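Source file: start_33.cif; contents: mmCIF, C-alpha atoms.
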data_model
#
loop_
_atom_site.label_atom_id
_atom_site.label_comp_id
_atom_site.auth_asym_id
_atom_site.auth_seq_id
_atom_site.Cartn_x
_atom_site.Cartn_y
_atom_site.Cartn_z
CA MET A 182 -32.92 -13.74 5.67
CA ALA A 183 -30.29 -14.26 3.02
CA ASP A 184 -32.94 -14.97 0.37
CA VAL A 185 -35.12 -11.95 1.23
CA ASP A 186 -35.13 -9.21 -1.40
CA GLU A 187 -33.57 -6.18 0.33
CA ARG A 188 -35.71 -3.88 -1.82
CA LEU A 189 -38.66 -4.81 0.38
CA PHE A 190 -37.05 -2.76 3.15
CA MET A 191 -36.45 0.31 0.98
CA PRO A 192 -38.79 3.27 1.39
CA TRP A 193 -41.73 2.99 -1.05
CA SER A 194 -40.60 6.19 -2.81
CA ALA A 195 -37.17 4.65 -3.44
CA ARG A 196 -38.63 1.46 -4.87
CA LYS A 197 -41.09 3.40 -7.04
CA LEU A 198 -38.29 5.43 -8.60
CA ARG A 199 -36.02 2.38 -8.85
CA LEU A 200 -33.29 4.08 -6.89
CA VAL A 201 -29.97 2.43 -6.09
CA GLU A 202 -28.81 2.30 -2.47
CA ILE A 203 -25.28 3.75 -2.47
CA ALA A 204 -24.95 3.84 1.34
CA PRO A 205 -27.16 2.88 4.29
CA ASP A 206 -30.46 4.75 3.75
CA VAL A 207 -28.88 6.80 0.95
CA TYR A 208 -30.34 6.34 -2.56
CA ALA A 209 -29.52 7.71 -6.00
CA LEU A 210 -30.87 7.42 -9.51
CA PRO A 211 -28.99 5.00 -11.76
CA MET A 212 -26.95 6.83 -14.38
CA ALA A 213 -29.32 5.70 -17.11
CA GLN A 214 -32.23 7.48 -15.41
CA ARG A 215 -30.48 10.79 -14.67
CA ALA A 216 -31.23 13.81 -16.77
CA THR A 217 -28.66 14.29 -19.51
CA GLN A 218 -28.49 17.19 -21.92
CA ALA A 219 -28.38 15.98 -25.51
CA ALA A 220 -25.95 18.53 -26.97
CA PRO A 221 -23.68 21.37 -25.86
CA ILE A 222 -25.19 24.83 -25.35
CA ALA A 223 -23.30 27.91 -26.49
CA TYR A 224 -22.90 29.71 -23.15
CA ARG A 225 -20.63 32.73 -23.77
CA THR A 226 -18.68 33.91 -26.79
CA ALA A 227 -15.80 36.29 -27.51
CA VAL A 228 -15.04 37.07 -23.86
CA VAL A 229 -12.03 39.41 -23.72
CA ALA A 230 -12.33 41.02 -20.27
CA ALA A 231 -12.81 39.90 -16.68
CA ASP A 232 -16.26 39.96 -15.07
CA VAL A 233 -15.36 42.60 -12.50
CA LEU A 234 -16.28 46.20 -11.76
CA ALA A 235 -14.02 48.84 -13.26
CA ALA A 236 -12.18 51.24 -10.98
CA PRO A 237 -13.80 54.67 -10.59
CA THR A 238 -12.19 57.80 -11.99
CA VAL A 239 -11.24 60.45 -9.43
CA ALA A 240 -10.56 64.09 -10.33
CA TYR A 241 -9.56 67.00 -8.10
CA VAL A 242 -11.99 69.95 -8.12
CA SER A 243 -11.01 72.43 -5.38
CA ASP A 244 -10.29 72.81 -1.66
CA PRO A 245 -12.80 75.33 -0.32
CA ALA A 246 -12.89 76.59 3.26
CA GLY A 247 -15.33 75.10 5.70
CA GLY A 248 -13.88 71.76 6.69
CA GLY A 249 -11.62 70.32 9.32
CA LEU A 250 -8.47 69.06 7.63
CA THR A 251 -5.19 69.25 9.54
CA PRO A 252 -2.48 68.82 6.89
CA ALA A 253 0.62 67.03 8.07
CA ALA A 254 4.00 68.71 8.15
CA ASN A 255 5.95 68.63 4.91
CA THR A 256 7.95 65.54 4.12
CA ALA A 257 11.19 65.77 2.19
CA GLY A 258 10.21 66.04 -1.46
CA ASP A 259 6.53 66.32 -0.53
CA ALA A 260 4.48 68.57 -2.80
CA SER A 261 2.53 69.66 0.31
CA GLY A 262 -0.76 68.53 -1.16
CA TYR A 263 -3.10 65.60 -0.65
CA ASN A 264 -3.16 62.22 -2.39
CA TYR A 265 -6.61 60.77 -3.08
CA SER A 266 -8.02 57.60 -4.64
CA ALA A 267 -11.22 55.54 -4.61
CA VAL A 268 -12.42 51.94 -4.95
CA ALA A 269 -15.79 50.72 -6.28
CA VAL A 270 -17.68 48.18 -4.14
CA ASN A 271 -20.48 45.65 -4.72
CA GLN A 272 -21.83 42.69 -2.76
CA TYR A 273 -19.04 40.38 -3.96
CA GLY A 274 -16.05 42.59 -3.25
CA ARG A 275 -14.12 45.61 -4.48
CA SER A 276 -12.52 46.88 -7.66
CA VAL A 277 -8.86 47.74 -7.99
CA ARG A 278 -7.92 51.17 -6.71
CA SER A 279 -8.29 54.17 -8.99
CA SER A 280 -5.31 56.20 -10.11
CA VAL A 281 -3.94 58.40 -7.32
CA VAL A 282 -4.81 62.08 -7.74
CA ASN A 283 -2.93 64.91 -6.04
CA THR A 284 -3.97 68.48 -5.19
CA SER A 285 -0.45 69.64 -6.17
CA HIS A 286 -0.50 72.51 -3.70
CA VAL A 287 -0.75 73.20 0.02
CA VAL A 288 -4.19 72.64 1.53
CA ALA A 289 -4.91 74.96 4.42
CA ALA A 290 -6.15 73.72 7.78
CA ALA A 291 -9.95 73.92 8.13
CA ASP A 292 -10.38 73.41 4.38
CA VAL A 293 -12.00 70.49 2.60
CA VAL A 294 -10.71 68.69 -0.49
CA ARG A 295 -13.37 68.25 -3.15
CA TYR A 296 -13.17 65.48 -5.74
CA THR A 297 -15.45 64.04 -8.37
CA VAL A 298 -15.86 60.27 -8.22
CA SER A 299 -17.29 58.74 -11.39
CA GLN A 300 -20.20 56.33 -11.27
CA VAL A 301 -19.28 52.70 -11.87
CA PRO A 302 -22.26 50.68 -13.20
CA GLY A 303 -23.09 47.95 -10.68
CA ALA A 304 -21.31 49.61 -7.75
CA THR A 305 -23.29 50.09 -4.54
CA HIS A 306 -20.59 51.94 -2.56
CA TYR A 307 -17.25 53.70 -2.96
CA ASP A 308 -14.33 53.56 -0.53
CA ILE A 309 -12.45 56.87 -0.35
CA TYR A 310 -8.73 57.17 0.47
CA SER A 311 -6.66 60.20 1.48
CA ASN A 312 -3.15 61.03 2.65
CA PRO A 313 -1.57 64.44 3.32
CA ASP A 314 1.82 62.90 2.58
CA THR A 315 2.06 62.90 -1.20
CA LEU A 316 4.92 60.41 -1.09
CA ALA A 317 2.69 57.84 0.62
CA ASP A 318 -0.22 55.67 -0.44
CA PRO A 319 -3.69 57.12 0.33
CA LEU A 320 -5.29 55.65 3.47
CA PHE A 321 -8.93 54.73 4.03
CA VAL A 322 -11.16 57.64 5.04
CA GLY A 323 -14.73 56.39 4.68
CA ARG A 324 -17.36 54.68 2.52
CA VAL A 325 -20.10 56.49 0.61
CA THR A 326 -23.15 54.93 -1.03
CA GLU A 327 -23.98 55.36 -4.71
CA PRO A 328 -26.96 57.65 -3.87
CA GLN A 329 -24.68 59.77 -1.66
CA ARG A 330 -22.06 60.00 -4.40
CA ALA A 331 -24.67 60.94 -7.00
CA ALA A 332 -26.21 63.65 -4.82
CA GLY A 333 -22.87 65.04 -3.64
CA CYS A 334 -21.75 64.41 -0.08
CA ARG A 335 -19.15 65.12 2.58
CA ILE A 336 -17.10 62.84 4.81
CA ARG A 337 -17.04 64.86 8.02
CA SER A 338 -14.13 65.14 10.41
CA ASP A 339 -15.89 62.62 12.68
CA GLY A 340 -16.16 60.11 9.81
CA VAL A 341 -19.93 60.50 9.29
CA VAL A 342 -21.06 60.78 5.65
CA SER A 343 -23.70 63.43 5.00
CA THR A 344 -25.32 65.05 1.96
CA SER A 345 -26.00 68.27 3.91
CA GLY A 346 -23.82 71.01 5.39
CA ARG A 347 -21.30 70.97 2.56
CA ALA A 348 -18.88 73.79 1.84
CA ALA A 349 -20.09 76.38 -0.67
CA GLY A 350 -20.20 75.44 -4.33
CA GLY A 351 -20.63 71.71 -3.97
CA ALA A 352 -22.20 69.91 -6.93
CA THR A 353 -23.64 66.48 -7.67
CA GLY A 354 -21.15 63.67 -8.13
CA GLU A 355 -18.63 65.35 -5.83
CA VAL A 356 -17.25 64.12 -2.51
CA ASP A 357 -15.95 66.65 0.04
CA VAL A 358 -13.35 65.08 2.34
CA GLU A 359 -12.88 66.79 5.71
CA LYS A 360 -10.91 64.00 7.36
CA ASP A 361 -7.39 62.66 6.98
CA GLY A 362 -7.08 58.99 6.09
CA THR A 363 -6.10 56.73 8.99
CA GLY A 364 -7.10 53.28 7.74
CA LEU A 365 -5.44 50.75 5.47
CA ALA A 366 -3.63 51.68 2.26
CA GLY A 367 -5.72 51.15 -0.87
CA GLY A 368 -2.71 50.19 -2.93
CA ALA A 369 -2.33 47.08 -0.75
CA THR A 370 -5.96 46.13 -0.07
CA ALA A 371 -7.32 46.84 -3.58
CA ALA A 372 -4.53 45.44 -5.73
CA GLN A 373 -6.72 42.60 -7.08
CA ALA A 374 -10.22 43.16 -8.49
CA MET A 375 -12.82 40.96 -6.79
CA ALA A 376 -16.05 42.91 -7.30
CA TYR A 377 -17.47 40.24 -9.60
CA VAL A 378 -20.50 40.86 -11.82
CA ALA A 379 -22.87 38.45 -13.55
CA PRO A 380 -21.91 37.73 -17.16
CA PRO A 381 -24.08 39.19 -19.93
CA THR A 382 -26.90 37.27 -21.60
CA ALA A 383 -25.66 35.13 -24.48
CA GLY A 384 -27.04 32.34 -26.68
CA LEU A 385 -29.55 30.12 -24.88
CA VAL A 386 -28.45 31.35 -21.48
CA THR A 387 -30.93 33.37 -19.42
CA LEU A 388 -29.62 36.37 -17.45
CA GLY A 389 -26.03 35.17 -17.65
CA TYR A 390 -26.55 31.82 -15.92
CA VAL A 391 -27.28 28.21 -16.86
CA ASP A 392 -30.44 26.58 -15.48
CA CYS A 393 -29.06 23.37 -13.95
CA THR A 394 -32.16 22.27 -12.01
CA GLY A 395 -32.19 18.47 -11.71
CA TYR A 396 -28.62 18.00 -12.93
CA GLU A 397 -25.50 16.97 -11.03
CA TYR A 398 -22.71 18.35 -13.21
CA ALA A 399 -22.05 21.17 -15.63
CA ASP A 400 -19.18 20.44 -18.02
CA PHE A 401 -17.84 23.67 -19.47
CA TYR A 402 -15.80 23.47 -22.66
CA LEU A 403 -13.44 26.44 -22.82
CA THR A 404 -12.01 27.48 -26.19
CA CYS A 405 -9.29 30.13 -26.11
CA SER A 406 -7.71 31.84 -29.09
CA ARG A 407 -4.81 34.26 -29.56
CA THR A 408 -3.62 36.55 -32.32
CA GLY A 409 0.08 36.72 -31.43
CA ASP A 410 2.80 36.04 -28.89
CA ALA A 411 3.68 39.43 -27.40
CA VAL A 412 1.90 38.59 -24.12
CA ALA A 413 1.56 35.08 -22.67
CA PRO A 414 -1.98 33.66 -22.39
CA SER A 415 -3.60 33.33 -18.98
CA LEU A 416 -7.12 32.59 -17.80
CA VAL A 417 -8.72 32.35 -14.36
CA VAL A 418 -12.39 31.34 -14.02
CA ILE A 419 -14.65 30.99 -10.98
CA PRO A 420 -17.72 28.72 -10.77
CA ALA A 421 -20.67 30.46 -9.11
CA LEU A 422 -23.64 28.60 -7.62
CA TYR A 423 -26.92 30.39 -6.96
CA ASN A 424 -28.39 30.63 -3.46
CA SER A 425 -32.14 30.99 -3.95
CA ARG A 426 -32.70 32.12 -0.35
CA THR A 427 -30.35 35.09 -0.50
CA GLY A 428 -30.60 35.78 -4.23
CA THR A 429 -26.81 35.80 -4.56
CA TYR A 430 -24.12 33.55 -6.01
CA SER A 431 -21.59 31.70 -3.88
CA LEU A 432 -18.24 31.73 -5.63
CA SER A 433 -15.99 28.67 -5.55
CA ASP A 434 -12.20 28.63 -5.59
CA PRO A 435 -10.64 30.23 -8.69
CA GLU A 436 -9.50 27.82 -11.40
CA ALA A 437 -6.31 29.01 -13.11
CA LEU A 438 -5.76 27.32 -16.46
CA THR A 439 -2.28 26.47 -17.70
CA PHE A 440 -1.49 26.73 -21.41
CA GLY A 441 1.32 24.82 -23.06
CA GLY A 442 4.22 25.96 -25.19
CA ALA A 443 7.03 26.17 -22.68
CA SER A 444 9.31 23.17 -22.31
CA ALA A 445 7.38 20.12 -21.04
CA VAL A 446 4.10 22.08 -20.74
CA TYR A 447 1.46 20.42 -22.92
CA GLN A 448 -1.97 21.88 -22.10
CA SER A 449 -4.13 22.82 -25.08
CA MET A 450 -5.94 26.09 -25.79
CA ILE A 451 -9.19 24.06 -25.60
CA GLN A 452 -9.88 22.59 -22.17
CA PRO A 453 -12.83 21.20 -20.15
CA LEU A 454 -13.88 22.17 -16.64
CA ARG A 455 -16.39 20.14 -14.61
CA VAL A 456 -18.48 21.87 -11.93
CA GLU A 457 -20.66 19.95 -9.48
CA VAL A 458 -24.08 21.65 -9.45
CA ARG A 459 -26.11 19.13 -7.43
CA GLY A 460 -28.85 20.95 -5.50
CA SER A 461 -28.28 24.31 -7.17
CA PRO A 462 -30.87 25.80 -9.56
CA ARG A 463 -28.34 27.94 -11.45
CA VAL A 464 -24.66 28.01 -12.28
CA ALA A 465 -22.48 30.69 -13.86
CA LEU A 466 -18.83 30.65 -14.85
CA LEU A 467 -17.20 34.00 -14.17
CA VAL A 468 -13.95 35.20 -15.71
CA ALA A 469 -11.71 36.52 -12.93
CA GLY A 470 -8.76 37.28 -15.19
CA ILE A 471 -7.90 36.96 -18.87
CA ALA A 472 -4.74 38.09 -20.64
CA GLY A 473 -2.65 37.39 -23.72
CA THR A 474 -2.14 38.86 -27.17
CA GLY A 475 -5.61 39.00 -28.73
CA MET A 476 -6.87 36.52 -26.13
CA SER A 477 -10.54 35.58 -26.54
CA LEU A 478 -12.68 32.94 -24.82
CA ASP A 479 -15.74 30.96 -25.94
CA MET A 480 -17.67 28.67 -23.60
CA ASP A 481 -20.03 25.76 -24.26
CA VAL A 482 -21.75 23.78 -21.51
CA VAL A 483 -23.21 20.28 -21.19
CA LEU A 484 -25.38 19.27 -18.21
CA SER A 485 -25.57 15.74 -16.84
#
Structure encoded using structure tokens:
Amino acid sequence: MADVDERLFMPWSARKLRLVEIAPDVYALPMAQRATQAAPIAYRTAVVAADVLAAPTVAYVSDPAGGGLTPAANTAGDASGYNYSAVAVNQYGRSVRSSVVNTSHVVAAADVVRYTVSQVPGATHYDIYSNPDTLADPLFVGRVTEPQRAAGCRIRSDGVVSTSGRAAGGATGEVDVEKDGTGLAGGATAAQAMAYVAPPTAGLVTLGYVDCTGYEYADFYLTCSRTGDAVAPSLVVIPALYNSRTGTYSLSDPEALTFGGASAVYQSMIQPLRVEVRGSPRVALLVAGIAGTGMSLDMDVVLS
């Protein structure tokens, strides 16, 4: 059998395509036959901000009667009010916490605290935080949907969110909180933005992604520029592969780039990043964090 051509035992489809057997019953196209993009595509240009949801803006309105709050006893130095904050949410995660807002005066038992929570484009929900101790971080109270926020809603004393039965004077875009926070502290759980959003359309890219159908790799060429040296440069990017069944992107591990300048640190401001895209119809490269004096990022991509 030593003189028998082993290709005779390959599946007909493998022989027809002239595949190479790389493991028992595992075949691949020779490199010369694989699809290769002729020239780089301009993917994204002049990126100066991370691809994440912004934090909402929270503002105190009033504390009308008709709720079920039970303000805690004063703490030393406590202004005897309530601390509030909010976090925007989408399918990928949550924004950083908003600034903490305080009522700055005593809130009576059986009152509600009414706040406006601004709309954040792309957010589907908002996590609301409250604490009657103004020296402490607000704690999780409940989650409201974007339609509930827009209509005006209340977080009842039993934790149920409702758009009906609100205290008098309630308006759209306002959230009435009738419950003290008892969950986790937003300052700890929303310290890092992770509510990622698809990048904007740019160049030859459609809907913020690269069509990588039939390719194995996407080589991104990242060009960073600065205008000064007041703040050190930093960049974190995340490859995102599209899941056609769910209609969402699966995000890979963050890639933190190192830039040279310090002693024995040599990395350039122009660096490549290879992403394996085999089996995925789309790939995107999200910016998780970018900083530095006048820091700006351009991206090209080559498929192979």
**Q.** Nearest-residue call for Asp318 in chain A, choices A:Asn283, A:Ser343, A:Ser299, A:Ser485, using all atoms listed in the file
**A.**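 Using all atoms listed in the file, Asp318 in chain A sits closest to A:Asn283.
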- Task: Identify all residues satisfying the PyMOL selection byres ((chain A and resi 336) around 8) in the given file; provide them as number ranges by chain.
- Result: A: 322-323, 334-335, 337-343, 356-360
Computed gap from CA of Tyr273 in chain A to CA of Met375 in chain A is 6.9 Å
task = Rank nothing, just name the residue among A:Ala376, A:Ala227, A:Leu365, A:Val277 nearest to Thr305 in chain A, using only C-alpha atoms.
result =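 Looking at the shortest contact to Thr305 in chain A, the residue is A:Ala376.
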Between A:Pro453, A:Gly247, A:Pro221, A:Gly475, which is the closest to Ala349 in chain A once you count only C-alpha atoms?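 With only C-alpha atoms as the atom set, the closest residue is A:Gly247.
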For Thr408 in chain A, work out the shell of residues within 12 Å, counting all atoms listed in the file and skipping chain neighbours fewer than 3 positions away, then give it as an mmCIF file with C-alpha atoms, in the coordinates of the input.
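Listed below is the output, around_22.cif:
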data_model
loop_
_atom_site.group_PDB
_atom_site.id
_atom_site.type_symbol
_atom_site.label_atom_id
_atom_site.label_comp_id
_atom_site.auth_asym_id
_atom_site.auth_seq_id
_atom_site.Cartn_x
_atom_site.Cartn_y
_atom_site.Cartn_z
ATOM 1 C CA CYS A 405 -9.290 30.130 -26.110
ATOM 2 C CA ALA A 411 3.680 39.430 -27.400
ATOM 3 C CA VAL A 412 1.900 38.590 -24.120
ATOM 4 C CA ALA A 413 1.560 35.080 -22.670
ATOM 5 C CA PRO A 414 -1.980 33.660 -22.390
ATOM 6 C CA ALA A 472 -4.740 38.090 -20.640
ATOM 7 C CA GLY A 473 -2.650 37.390 -23.720
ATOM 8 C CA THR A 474 -2.140 38.860 -27.170
ATOM 9 C CA GLY A 475 -5.610 39.000 -28.730
ATOM 10 C CA MET A 476 -6.870 36.520 -26.130
ATOM 11 C CA SER A 477 -10.540 35.580 -26.540
#
ask   = Do you know which residues the PyMOL selection byres ((chain A and resi 420) around 9) returns on this file, as a list in words?
value =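 Evaluating the PyMOL selection byres ((chain A and resi 420) around 9) on these coordinates yields Val418, Ile419, Ala421, Leu422, Ser431, Leu432, Ser433, Asp434, Pro435, Glu436, Val456, Val464, Ala465, Leu466, Leu467 and Val468 of chain A.
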Exercise: Arg278 in chain A partners within 6 Å, only C-alpha atoms, chain neighbours under 6 positions left out, as a ChimeraX atom specification: /A:267-268,371
If we count all atoms listed in the file, what is near Ile222 in chain A at a cut-off of 6 Å, once residues fewer than 2 positions away on the same chain are taken out, given as an NGL selection string?
:A and (224 or 481-482)
Around the point (-21.0, 21.4, -9.2), in the coordinates given by the file, pick out the residues reaching within 7 Å, counting all atoms listed in the file, and return them as a list in words. Glu397, Tyr398, Ala399, Val456, Glu457, Val458 and Arg459 of chain A
Which residue gives the smallest distance to Asp232 in chain A among A:Tyr263, A:Tyr296, A:Phe321, A:Tyr377, with only C-alpha atoms counted?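 With only C-alpha atoms as the atom set, the closest residue is A:Tyr377.
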key: Pick from A:Gly346, A:Gly274, A:Pro462, A:Gly303 nearest to Arg426 in chain A, counting only C-alpha atoms   =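 Using only C-alpha atoms, the shortest distance to Arg426 in chain A belongs to A:Pro462.
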Practice problem: Go through A:Cys393, A:Ala443, A:Ala269, A:Val288 one by one, measure the shortest atom-to-atom distance of each to Val483 in chain A using all atoms listed in the file, and give the residue with the smallest value. | Solution: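 Using all atoms listed in the file, the shortest distance to Val483 in chain A belongs to A:Cys393.
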_Interatomic distance, CA of Ala379 in chain A to CA of Ser449 in chain A (Å, one decimal)_ =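 About the pair CA of Ala379 in chain A and CA of Ser449 in chain A: they are 27.0 Å apart.
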Selection: 12 Å around Pro319 in chain A, only C-alpha atoms, excl. self and same-chain fewer than 5 positions, as a PDB file with C-alpha atoms, keeping the file's coordinate frame:
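Contents of part_31.pdb, freshly written:
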ATOM      1  CA  GLY A 262      -0.760  68.530  -1.160  1.00  0.00           C
ATOM      2  CA  TYR A 263      -3.100  65.600  -0.650  1.00  0.00           C
ATOM      3  CA  ASN A 264      -3.160  62.220  -2.390  1.00  0.00           C
ATOM      4  CA  TYR A 265      -6.610  60.770  -3.080  1.00  0.00           C
ATOM      5  CA  SER A 266      -8.020  57.600  -4.640  1.00  0.00           C
ATOM      6  CA  ALA A 267     -11.220  55.540  -4.610  1.00  0.00           C
ATOM      7  CA  VAL A 268     -12.420  51.940  -4.950  1.00  0.00           C
ATOM      8  CA  ARG A 278      -7.920  51.170  -6.710  1.00  0.00           C
ATOM      9  CA  SER A 279      -8.290  54.170  -8.990  1.00  0.00           C
ATOM     10  CA  SER A 280      -5.310  56.200 -10.110  1.00  0.00           C
ATOM     11  CA  VAL A 281      -3.940  58.400  -7.320  1.00  0.00           C
ATOM     12  CA  VAL A 282      -4.810  62.080  -7.740  1.00  0.00           C
ATOM     13  CA  ASN A 283      -2.930  64.910  -6.040  1.00  0.00           C
ATOM     14  CA  ASP A 308     -14.330  53.560  -0.530  1.00  0.00           C
ATOM     15  CA  ILE A 309     -12.450  56.870  -0.350  1.00  0.00           C
ATOM     16  CA  TYR A 310      -8.730  57.170   0.470  1.00  0.00           C
ATOM     17  CA  SER A 311      -6.660  60.200   1.480  1.00  0.00           C
ATOM     18  CA  ASN A 312      -3.150  61.030   2.650  1.00  0.00           C
ATOM     19  CA  PRO A 313      -1.570  64.440   3.320  1.00  0.00           C
ATOM     20  CA  ASP A 314       1.820  62.900   2.580  1.00  0.00           C
ATOM     21  CA  ASP A 361      -7.390  62.660   6.980  1.00  0.00           C
ATOM     22  CA  GLY A 362      -7.080  58.990   6.090  1.00  0.00           C
ATOM     23  CA  THR A 363      -6.100  56.730   8.990  1.00  0.00           C
ATOM     24  CA  GLY A 364      -7.100  53.280   7.740  1.00  0.00           C
ATOM     25  CA  LEU A 365      -5.440  50.750   5.470  1.00  0.00           C
ATOM     26  CA  ALA A 366      -3.630  51.680   2.260  1.00  0.00           C
ATOM     27  CA  GLY A 367      -5.720  51.150  -0.870  1.00  0.00           C
ATOM     28  CA  GLY A 368      -2.710  50.190  -2.930  1.00  0.00           C
ATOM     29  CA  ALA A 369      -2.330  47.080  -0.750  1.00  0.00           C
ATOM     30  CA  THR A 370      -5.960  46.130  -0.070  1.00  0.00           C
ATOM     31  CA  ALA A 371      -7.320  46.840  -3.580  1.00  0.00           C
TER      32      ALA A 371
END
Margin query: What does the structure give for the distance between CA of Ala374 in chain A and CA of Val233 in chain A, in Å to one decimal?
Written below: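 Between CA of Ala374 in chain A and CA of Val233 in chain A the gap works out to 6.5 Å.
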**Study point:** Result set, the PyMOL selection byres ((chain A and resi 326) around 7) on current file, as a list in words
**Key:**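 Written out, the selection comes to Thr305, His306, Tyr307, Arg324, Val325, Glu327, Pro328, Gln329 and Arg330 of chain A.
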